[in-house]
file run.txt (compact mmCIF, C-alpha atoms and all ligand atoms)
# COMPACT_ATOMS: atom_id res chain seq x y z
CA MET A 986 117.94 -12.76 32.04
CA LEU A 987 118.20 -13.21 35.79
CA VAL A 988 120.36 -16.08 37.02
CA SER A 989 122.06 -17.41 40.15
CA GLY A 990 123.82 -20.59 39.09
CA SER A 991 124.96 -22.88 36.34
CA GLY A 992 122.83 -21.30 33.60
CA THR A 993 122.06 -24.27 31.37
CA ASN A 994 118.69 -22.66 30.58
CA LEU A 995 120.48 -19.43 29.79
CA GLN A 996 122.70 -21.42 27.42
CA ALA A 997 119.66 -22.94 25.69
CA LEU A 998 118.21 -19.46 25.26
CA ILE A 999 121.54 -18.11 23.97
CA ASP A 1000 121.77 -20.95 21.46
CA ARG A 1001 118.31 -20.16 20.08
CA ALA A 1002 118.53 -16.33 20.24
CA GLY A 1003 118.83 -14.12 17.17
CA GLU A 1004 116.97 -12.50 14.31
CA ASP A 1005 114.47 -15.29 13.70
CA ALA A 1006 114.15 -16.47 17.30
CA GLY A 1007 111.61 -13.85 18.37
CA TYR A 1008 113.80 -12.56 21.19
CA GLY A 1009 117.27 -11.30 21.99
CA ILE A 1010 119.19 -11.32 25.25
CA VAL A 1011 120.41 -7.83 26.12
CA SER A 1012 121.79 -8.51 29.57
CA VAL A 1013 122.44 -11.23 32.14
CA ILE A 1014 122.16 -10.25 35.79
CA SER A 1015 123.24 -12.50 38.65
CA ASP A 1016 122.67 -11.96 42.36
CA ARG A 1017 125.97 -13.68 43.08
CA PRO A 1018 129.48 -13.42 41.61
CA GLY A 1019 131.51 -16.28 40.18
CA VAL A 1020 128.67 -18.37 38.80
CA ARG A 1021 128.92 -20.31 35.54
CA ALA A 1022 125.94 -18.43 34.06
CA LEU A 1023 128.01 -15.22 34.03
CA GLU A 1024 130.80 -16.98 32.11
CA ARG A 1025 128.27 -18.27 29.60
CA ALA A 1026 126.98 -14.73 29.04
CA ARG A 1027 130.46 -13.30 28.60
CA SER A 1028 131.44 -16.08 26.20
CA ALA A 1029 128.40 -15.20 24.10
CA GLY A 1030 129.33 -11.49 24.15
CA ILE A 1031 126.33 -10.54 26.30
CA SER A 1032 126.67 -7.88 28.98
CA ALA A 1033 126.89 -9.61 32.36
CA SER A 1034 126.51 -7.88 35.71
CA ILE A 1035 126.03 -8.63 39.37
CA VAL A 1036 123.41 -7.08 41.63
CA GLU A 1037 124.28 -8.50 45.01
CA TRP A 1038 121.55 -9.38 47.44
CA THR A 1039 121.53 -6.70 50.11
CA GLY A 1040 119.10 -8.33 52.49
CA ASP A 1041 116.52 -5.70 51.52
CA ARG A 1042 114.06 -6.89 48.87
CA ARG A 1043 112.83 -3.43 47.96
CA SER A 1044 116.25 -1.94 47.15
CA PHE A 1045 117.47 -5.17 45.53
CA THR A 1046 114.43 -5.23 43.24
CA HIS A 1047 114.94 -1.57 42.36
CA GLU A 1048 118.58 -2.20 41.42
CA VAL A 1049 117.68 -5.21 39.28
CA CYS A 1050 114.93 -3.26 37.48
CA GLU A 1051 117.26 -0.32 36.90
CA ALA A 1052 120.03 -2.54 35.50
CA ALA A 1053 117.58 -4.35 33.21
CA THR A 1054 115.95 -1.14 32.01
CA GLN A 1055 119.31 0.51 31.32
CA ALA A 1056 120.29 -2.51 29.24
CA GLY A 1057 117.09 -2.05 27.21
CA ALA A 1058 115.28 -5.14 28.51
CA GLU A 1059 111.56 -5.36 27.71
CA ALA A 1060 111.00 -8.43 29.86
CA LEU A 1061 112.66 -10.28 32.73
CA VAL A 1062 113.38 -13.97 32.21
CA LEU A 1063 114.30 -15.85 35.38
CA ALA A 1064 116.35 -19.02 34.97
CA GLY A 1065 117.51 -20.56 38.20
CA PHE A 1066 117.28 -17.14 39.88
CA MET A 1067 117.16 -17.83 43.61
CA ARG A 1068 115.72 -14.50 44.80
CA ILE A 1069 112.15 -13.28 45.08
CA LEU A 1070 111.52 -9.96 43.36
CA GLY A 1071 109.42 -7.29 45.06
CA ALA A 1072 106.39 -5.36 43.81
CA GLU A 1073 108.35 -2.82 41.75
CA ALA A 1074 109.33 -5.50 39.24
CA LEU A 1075 105.68 -6.46 38.65
CA THR A 1076 104.74 -2.81 38.14
CA ARG A 1077 107.60 -2.10 35.76
CA PHE A 1078 107.31 -5.36 33.79
CA PRO A 1079 103.57 -6.19 33.88
CA ASP A 1080 102.94 -9.68 32.43
CA ARG A 1081 106.53 -9.58 31.24
CA ILE A 1082 108.35 -11.68 33.85
CA LEU A 1083 108.78 -15.38 33.17
CA ASN A 1084 110.07 -18.14 35.42
CA ILE A 1085 110.76 -21.83 34.87
CA HIS A 1086 110.26 -24.40 37.61
CA PRO A 1087 111.09 -28.14 37.56
CA SER A 1088 107.72 -29.45 38.74
CA LEU A 1089 104.15 -29.52 37.53
CA LEU A 1090 102.88 -26.51 39.44
CA PRO A 1091 100.96 -26.06 41.65
CA ALA A 1092 102.60 -29.23 42.97
CA PHE A 1093 106.00 -28.83 44.60
CA ALA A 1094 106.47 -25.08 44.60
CA GLY A 1095 109.52 -23.86 46.50
CA SER A 1096 113.26 -24.37 46.44
CA THR A 1097 113.55 -28.20 46.42
CA PRO A 1098 110.97 -29.35 43.84
CA VAL A 1099 112.87 -32.33 42.44
CA ALA A 1100 113.68 -33.80 45.86
CA ASP A 1101 110.10 -33.14 46.95
CA THR A 1102 108.78 -34.91 43.82
CA LEU A 1103 110.79 -38.06 44.61
CA GLU A 1104 110.03 -37.87 48.31
CA HIS A 1105 106.29 -37.70 47.65
CA GLY A 1106 106.37 -40.75 45.41
CA VAL A 1107 104.43 -39.21 42.51
CA ARG A 1108 104.67 -41.14 39.23
CA VAL A 1109 104.66 -38.11 36.96
CA ALA A 1110 107.07 -35.17 37.22
CA GLY A 1111 107.48 -32.23 34.88
CA VAL A 1112 108.36 -28.64 34.09
CA THR A 1113 106.30 -25.45 34.26
CA VAL A 1114 106.93 -22.10 32.59
CA HIS A 1115 104.83 -19.39 34.22
CA PHE A 1116 104.44 -15.66 34.56
CA VAL A 1117 105.66 -14.28 37.86
CA ASP A 1118 103.04 -12.74 40.13
CA GLU A 1119 103.16 -11.61 43.76
CA ARG A 1120 103.28 -15.18 45.09
CA VAL A 1121 106.18 -17.61 44.71
CA ASP A 1122 105.86 -20.17 41.86
CA HIS A 1123 102.23 -19.17 41.43
CA GLY A 1124 101.57 -16.97 38.38
CA PRO A 1125 99.61 -17.87 35.23
CA ILE A 1126 100.96 -20.98 33.51
CA VAL A 1127 102.44 -20.57 30.03
CA SER A 1128 103.45 -24.18 29.33
CA GLN A 1129 103.99 -27.52 31.03
CA GLU A 1130 105.44 -30.85 30.02
CA ALA A 1131 105.41 -34.09 31.96
CA THR A 1132 107.82 -37.01 32.23
CA ALA A 1133 107.39 -40.31 34.09
CA VAL A 1134 109.31 -40.83 37.30
CA GLU A 1135 111.31 -44.06 36.88
CA PRO A 1136 111.66 -46.46 39.83
CA ASP A 1137 115.43 -46.02 39.96
CA ASP A 1138 115.44 -42.24 39.51
CA THR A 1139 117.68 -40.19 41.75
CA GLU A 1140 117.43 -36.44 42.16
CA PHE A 1141 120.28 -36.19 39.64
CA THR A 1142 118.79 -38.40 36.92
CA LEU A 1143 115.32 -36.91 37.23
CA HIS A 1144 116.60 -33.34 37.19
CA GLN A 1145 118.70 -34.18 34.13
CA ARG A 1146 115.58 -35.31 32.25
CA LEU A 1147 113.68 -32.26 33.44
CA HIS A 1148 116.53 -30.05 32.23
CA GLU A 1149 116.24 -31.55 28.75
CA ILE A 1150 112.56 -30.60 28.72
CA GLU A 1151 113.35 -27.14 30.08
CA HIS A 1152 115.89 -26.45 27.35
CA ARG A 1153 113.16 -26.99 24.74
CA LEU A 1154 110.20 -25.45 26.56
CA TYR A 1155 111.80 -22.20 27.73
CA PRO A 1156 113.06 -20.89 24.37
CA GLU A 1157 109.60 -21.59 22.88
CA ALA A 1158 107.89 -19.64 25.66
CA VAL A 1159 110.34 -16.73 25.57
CA ALA A 1160 109.97 -16.53 21.79
CA ALA A 1161 106.18 -16.45 22.14
CA LEU A 1162 106.46 -13.64 24.70
CA GLY A 1163 108.88 -11.73 22.46
CA GLN A 1164 106.51 -12.05 19.50
CA GLY A 1165 103.53 -10.84 21.55
CA ARG A 1166 101.78 -14.20 21.24
CA LEU A 1167 101.01 -14.66 24.96
CA LYS A 1168 97.98 -12.98 26.50
CA VAL A 1169 97.20 -13.30 30.19
CA GLN A 1170 93.49 -13.64 30.95
CA GLY A 1171 93.09 -14.10 34.68
CA ARG A 1172 94.89 -17.33 35.53
CA ARG A 1173 94.95 -18.47 31.93
CA VAL A 1174 97.53 -17.74 29.29
CA VAL A 1175 96.23 -17.73 25.72
CA TRP A 1176 98.72 -18.53 22.97
CA SER A 1177 98.17 -17.16 19.48
C1 LIG B 1201 116.21 -25.21 36.60
O1 LIG B 1201 115.83 -26.54 36.89
C2 LIG B 1201 115.06 -24.27 36.76
O2 LIG B 1201 113.83 -24.83 36.44
C3 LIG B 1201 115.11 -23.95 38.23
O3 LIG B 1201 116.47 -23.87 38.53
C4 LIG B 1201 117.21 -24.68 37.63
C5 LIG B 1201 118.23 -23.80 36.99
O4 LIG B 1201 119.12 -24.52 36.18
N1 LIG B 1201 114.37 -22.72 38.51
P1 LIG B 1201 120.15 -23.77 35.24
O5 LIG B 1201 120.90 -22.74 36.10
O6 LIG B 1201 119.39 -23.09 34.13
O7 LIG B 1201 121.06 -24.83 34.76

call {"tool": "encode", "arguments": {"input": "run.txt", "output": "C-alpha cells"}}
result
Amino acid sequence: MLVSGSGTNLQALIDRAGEDAGYGIVSVISDRPGVRALERARSAGISASIVEWTGDRRSFTHEVCEAATQAGAEALVLAGFMRILGAEALTRFPDRILNIHPSLLPAFAGSTPVADTLEHGVRVAGVTVHFVDERVDHGPIVSQEATAVEPDDTEFTLHQRLHEIEHRLYPEAVAALGQGRLKVQGRRVVWS
C-alpha cells in the first residue's frame, strides 16, 4: 500500500484483509514521515516504511518498487498517495497498480477533485477505482459509484460521503485483483 496521509482507505483495507479477503497487506510505504496512515499500519502489525520524495521521479520510483518487492508485494495499491510514479513501476507491476479517486473520472482528475466538483456545480459526484497508467487519474476503470451532491454540501460533508463509498468500493476491487478476477482489455476492465 502506498500512502501519504490519514489512511482511512488503508484502514478499511486492513479491516477486510485476511485469509478469506482475497488479499493481504505486506507493507505500507509513505512518501512522508509522521502521517496517521503509518500509525495505522504499525497498530495492525504491518511493516511500515518511508521512502522520502527526493525531487527525482526516476530514483523515487525505483526505491518504492524495491521496497515493495522486498516486502513481497505482488501489486501496488495507492490510497491517498500524493506522488506520481514513473515508468519503472508500470513495467514491474503491469496491470497491478490500483488507485482510488474521489470523482467520477474522467471528470475532475487532479489534486482537488472534491472542491472542483462543488465549484463546477455538478449534481452527481462519485468515486472511481482505476488501474494506474502513464497518465494521471487516467487508467482503465475498475469500478465507480455515484452520490448526489446536496445543495448544502461543503467540501467536508461531500468528501465524508465519498469516503464512505470508498471504504466499500476499494476492498472489493483489491480483493478482485488479488483473486485474479480483473482483466484489462484496452480501456475496459472485465470482472469475472
Ligand atoms: C481519498 O479520498 C482518495 O480517494 C484520494 O485521497 C483520499 C485519501 O484518503 N486519492 P485517506 O488517506 O485514505 O483517508

call {"tool": "residues_around", "arguments": {"input": "run.txt", "residues": "Ile1010 (chain A)", "least_positions_apart": "2", "cutoff": "12 Å", "atoms": "all atoms listed in the file", "output": "MDAnalysis selection string"}}
result
chainID A and resid 986:987 995:1004 1006:1008 1012:1014 1026:1027 1029:1033 1053 1056:1062 1156 1159:1160 1163

call {"tool": "atom_distance", "arguments": {"input": "run.txt", "atom1": "CA of Arg1120 (chain A)", "atom2": "CA of Ala1072 (chain A)"}}
result
10.4 Å

call {"tool": "closest_residue", "arguments": {"input": "run.txt", "among": "A:Ser1028, A:Ser1177, A:Thr1139, A:Ser991", "to": "Ser1015 (chain A)", "atoms": "only C-alpha atoms"}}
result
A:Ser991

call {"tool": "closest_residue", "arguments": {"input": "run.txt", "among": "A:Asn1084, A:Ser1034, A:Thr1054, A:Thr1039", "to": "ligand LIG 1201 (chain B)", "atoms": "only C-alpha atoms and all ligand atoms"}}
result
A:Asn1084

call {"tool": "closest_residue", "arguments": {"input": "run.txt", "among": "A:Phe1045, A:Phe1116, A:Phe1066, A:Phe1093", "to": "ligand LIG 1201 (chain B)", "atoms": "only C-alpha atoms and all ligand atoms"}}
result
A:Phe1066

call {"tool": "residues_near_point", "arguments": {"input": "run.txt", "point": "(107.7, -16.7, 44.5)", "cutoff": "10 Å", "atoms": "all atoms listed in the file", "output": "list in words"}}
result
Met1067, Arg1068, Ile1069, Leu1070, Gly1071, Asn1084, Ala1094, Gly1095, Ser1096, Val1117, Asp1118, Glu1119, Arg1120, Val1121, Asp1122, His1123 and Gly1124 of chain A

call {"tool": "residues_around", "arguments": {"input": "run.txt", "residues": "Ala1092 (chain A)", "least_positions_apart": "6", "cutoff": "10 Å", "atoms": "all atoms listed in the file", "output": "list in words"}}
result
Pro1098, Asp1101, Thr1102, Ala1110, Gly1111 and Asp1122 of chain A

call {"tool": "write_last_selection", "arguments": {"input": "run.txt", "atoms": "C-alpha atoms", "output": "PDB file, in the coordinates of the input"}}
result
ATOM      1  CA  PRO A1098     110.970 -29.350  43.840  1.00  0.00           C
ATOM      2  CA  ASP A1101     110.100 -33.140  46.950  1.00  0.00           C
ATOM      3  CA  THR A1102     108.780 -34.910  43.820  1.00  0.00           C
ATOM      4  CA  ALA A1110     107.070 -35.170  37.220  1.00  0.00           C
ATOM      5  CA  GLY A1111     107.480 -32.230  34.880  1.00  0.00           C
ATOM      6  CA  ASP A1122     105.860 -20.170  41.860  1.00  0.00           C
TER       7      ASP A1122
END

call {"tool": "residues_near_ligand", "arguments": {"input": "run.txt", "ligand": "ligand LIG 1201 (chain B)", "cutoff": "9 Å", "atoms": "all atoms listed in the file", "output": "NGL selection string"}}
result
:A and (988-997 or 1021-1022 or 1063-1067 or 1084-1088 or 1096 or 1098-1099 or 1112-1114 or 1144-1145 or 1147-1148 or 1151-1152)

call {"tool": "atom_distance", "arguments": {"input": "run.txt", "atom1": "CA of Glu1130 (chain A)", "atom2": "CA of Glu1157 (chain A)"}}
result
12.4 Å

call {"tool": "atom_distance", "arguments": {"input": "run.txt", "atom1": "CA of Ala1052 (chain A)", "atom2": "CA of Val1036 (chain A)"}}
result
8.3 Å

call {"tool": "residues_around", "arguments": {"input": "run.txt", "residues": "Val1134 (chain A)", "least_positions_apart": "4", "cutoff": "7 Å", "atoms": "all atoms listed in the file", "output": "ChimeraX atom specification"}}
result
/A:1108-1110,1138

call {"tool": "closest_residue", "arguments": {"input": "run.txt", "among": "A:Val1175, A:Ala1131, A:Ala1074, A:Leu1154", "to": "Leu1090 (chain A)", "atoms": "only C-alpha atoms"}}
result
A:Ala1131

call {"tool": "closest_residue", "arguments": {"input": "run.txt", "among": "A:Arg1043, A:Arg1017, A:Arg1153, A:Arg1081", "to": "Gly1165 (chain A)", "atoms": "all atoms listed in the file"}}
result
A:Arg1081

call {"tool": "build_atoms", "arguments": {"input": "run.txt", "residues": "region 1150-1161 of chain A", "atoms": "all heavy atoms", "output": "short mmCIF file (atom, residue, chain, number, x, y, z; two decimals), in the frame of the given file"}}
result
data_model
loop_
_atom_site.label_atom_id
_atom_site.label_comp_id
_atom_site.auth_asym_id
_atom_site.auth_seq_id
_atom_site.Cartn_x
_atom_site.Cartn_y
_atom_site.Cartn_z
N ILE A 1150 113.86 -31.18 29.06
CA ILE A 1150 112.56 -30.60 28.72
C ILE A 1150 112.64 -29.07 28.79
O ILE A 1150 112.18 -28.35 27.89
CB ILE A 1150 111.46 -31.13 29.66
CG1 ILE A 1150 111.28 -32.63 29.48
CG2 ILE A 1150 110.15 -30.39 29.45
CD1 ILE A 1150 110.36 -33.29 30.50
N GLU A 1151 113.25 -28.59 29.89
CA GLU A 1151 113.35 -27.14 30.08
C GLU A 1151 114.03 -26.46 28.90
O GLU A 1151 113.59 -25.40 28.44
CB GLU A 1151 114.16 -26.83 31.35
CG GLU A 1151 113.44 -27.21 32.62
CD GLU A 1151 114.19 -26.79 33.87
OE1 GLU A 1151 115.43 -26.71 33.86
OE2 GLU A 1151 113.52 -26.52 34.86
N HIS A 1152 115.09 -27.09 28.41
CA HIS A 1152 115.89 -26.45 27.35
C HIS A 1152 115.12 -26.34 26.04
O HIS A 1152 115.50 -25.59 25.16
CB HIS A 1152 117.21 -27.20 27.17
CG HIS A 1152 118.05 -27.19 28.42
ND1 HIS A 1152 119.09 -28.05 28.64
CD2 HIS A 1152 117.97 -26.41 29.53
CE1 HIS A 1152 119.61 -27.81 29.83
NE2 HIS A 1152 118.96 -26.82 30.39
N ARG A 1153 114.05 -27.11 25.89
CA ARG A 1153 113.16 -26.99 24.74
C ARG A 1153 112.02 -26.02 25.03
O ARG A 1153 111.70 -25.16 24.23
CB ARG A 1153 112.57 -28.37 24.45
CG ARG A 1153 112.71 -28.82 23.05
CD ARG A 1153 112.23 -30.23 22.78
NE ARG A 1153 112.13 -31.16 23.88
CZ ARG A 1153 111.02 -31.38 24.58
NH1 ARG A 1153 109.91 -30.73 24.30
NH2 ARG A 1153 111.00 -32.28 25.55
N LEU A 1154 111.42 -26.20 26.22
CA LEU A 1154 110.20 -25.45 26.56
C LEU A 1154 110.45 -23.94 26.72
O LEU A 1154 109.64 -23.12 26.30
CB LEU A 1154 109.65 -26.01 27.87
CG LEU A 1154 108.17 -26.30 28.01
CD1 LEU A 1154 107.70 -27.22 26.90
CD2 LEU A 1154 107.88 -26.92 29.37
N TYR A 1155 111.59 -23.61 27.37
CA TYR A 1155 111.80 -22.20 27.73
C TYR A 1155 112.03 -21.32 26.50
O TYR A 1155 111.38 -20.28 26.36
CB TYR A 1155 112.92 -22.07 28.75
CG TYR A 1155 112.67 -20.98 29.80
CD1 TYR A 1155 111.41 -20.39 29.93
CD2 TYR A 1155 113.68 -20.56 30.65
CE1 TYR A 1155 111.18 -19.40 30.89
CE2 TYR A 1155 113.45 -19.58 31.62
CZ TYR A 1155 112.20 -19.00 31.73
OH TYR A 1155 111.97 -18.03 32.68
N PRO A 1156 112.90 -21.72 25.56
CA PRO A 1156 113.06 -20.89 24.37
C PRO A 1156 111.75 -20.69 23.60
O PRO A 1156 111.48 -19.60 23.11
CB PRO A 1156 114.10 -21.66 23.53
CG PRO A 1156 114.89 -22.42 24.54
CD PRO A 1156 113.89 -22.82 25.58
N GLU A 1157 110.91 -21.74 23.56
CA GLU A 1157 109.60 -21.59 22.88
C GLU A 1157 108.74 -20.53 23.56
O GLU A 1157 108.12 -19.70 22.91
CB GLU A 1157 108.81 -22.91 22.94
CG GLU A 1157 109.27 -23.96 21.95
CD GLU A 1157 108.62 -25.32 22.23
OE1 GLU A 1157 107.65 -25.39 23.01
OE2 GLU A 1157 109.12 -26.31 21.67
N ALA A 1158 108.72 -20.58 24.91
CA ALA A 1158 107.89 -19.64 25.66
C ALA A 1158 108.43 -18.22 25.56
O ALA A 1158 107.67 -17.27 25.38
CB ALA A 1158 107.83 -20.08 27.13
N VAL A 1159 109.74 -18.08 25.65
CA VAL A 1159 110.34 -16.73 25.57
C VAL A 1159 110.12 -16.15 24.17
O VAL A 1159 109.81 -14.97 24.01
CB VAL A 1159 111.85 -16.78 25.94
CG1 VAL A 1159 112.51 -15.43 25.71
CG2 VAL A 1159 112.02 -17.21 27.39
N ALA A 1160 110.23 -17.00 23.16
CA ALA A 1160 109.97 -16.53 21.79
C ALA A 1160 108.53 -16.07 21.66
O ALA A 1160 108.25 -15.00 21.08
CB ALA A 1160 110.25 -17.65 20.79
N ALA A 1161 107.60 -16.83 22.22
CA ALA A 1161 106.18 -16.45 22.14
C ALA A 1161 105.94 -15.12 22.85
O ALA A 1161 105.20 -14.26 22.35
CB ALA A 1161 105.32 -17.55 22.74
#
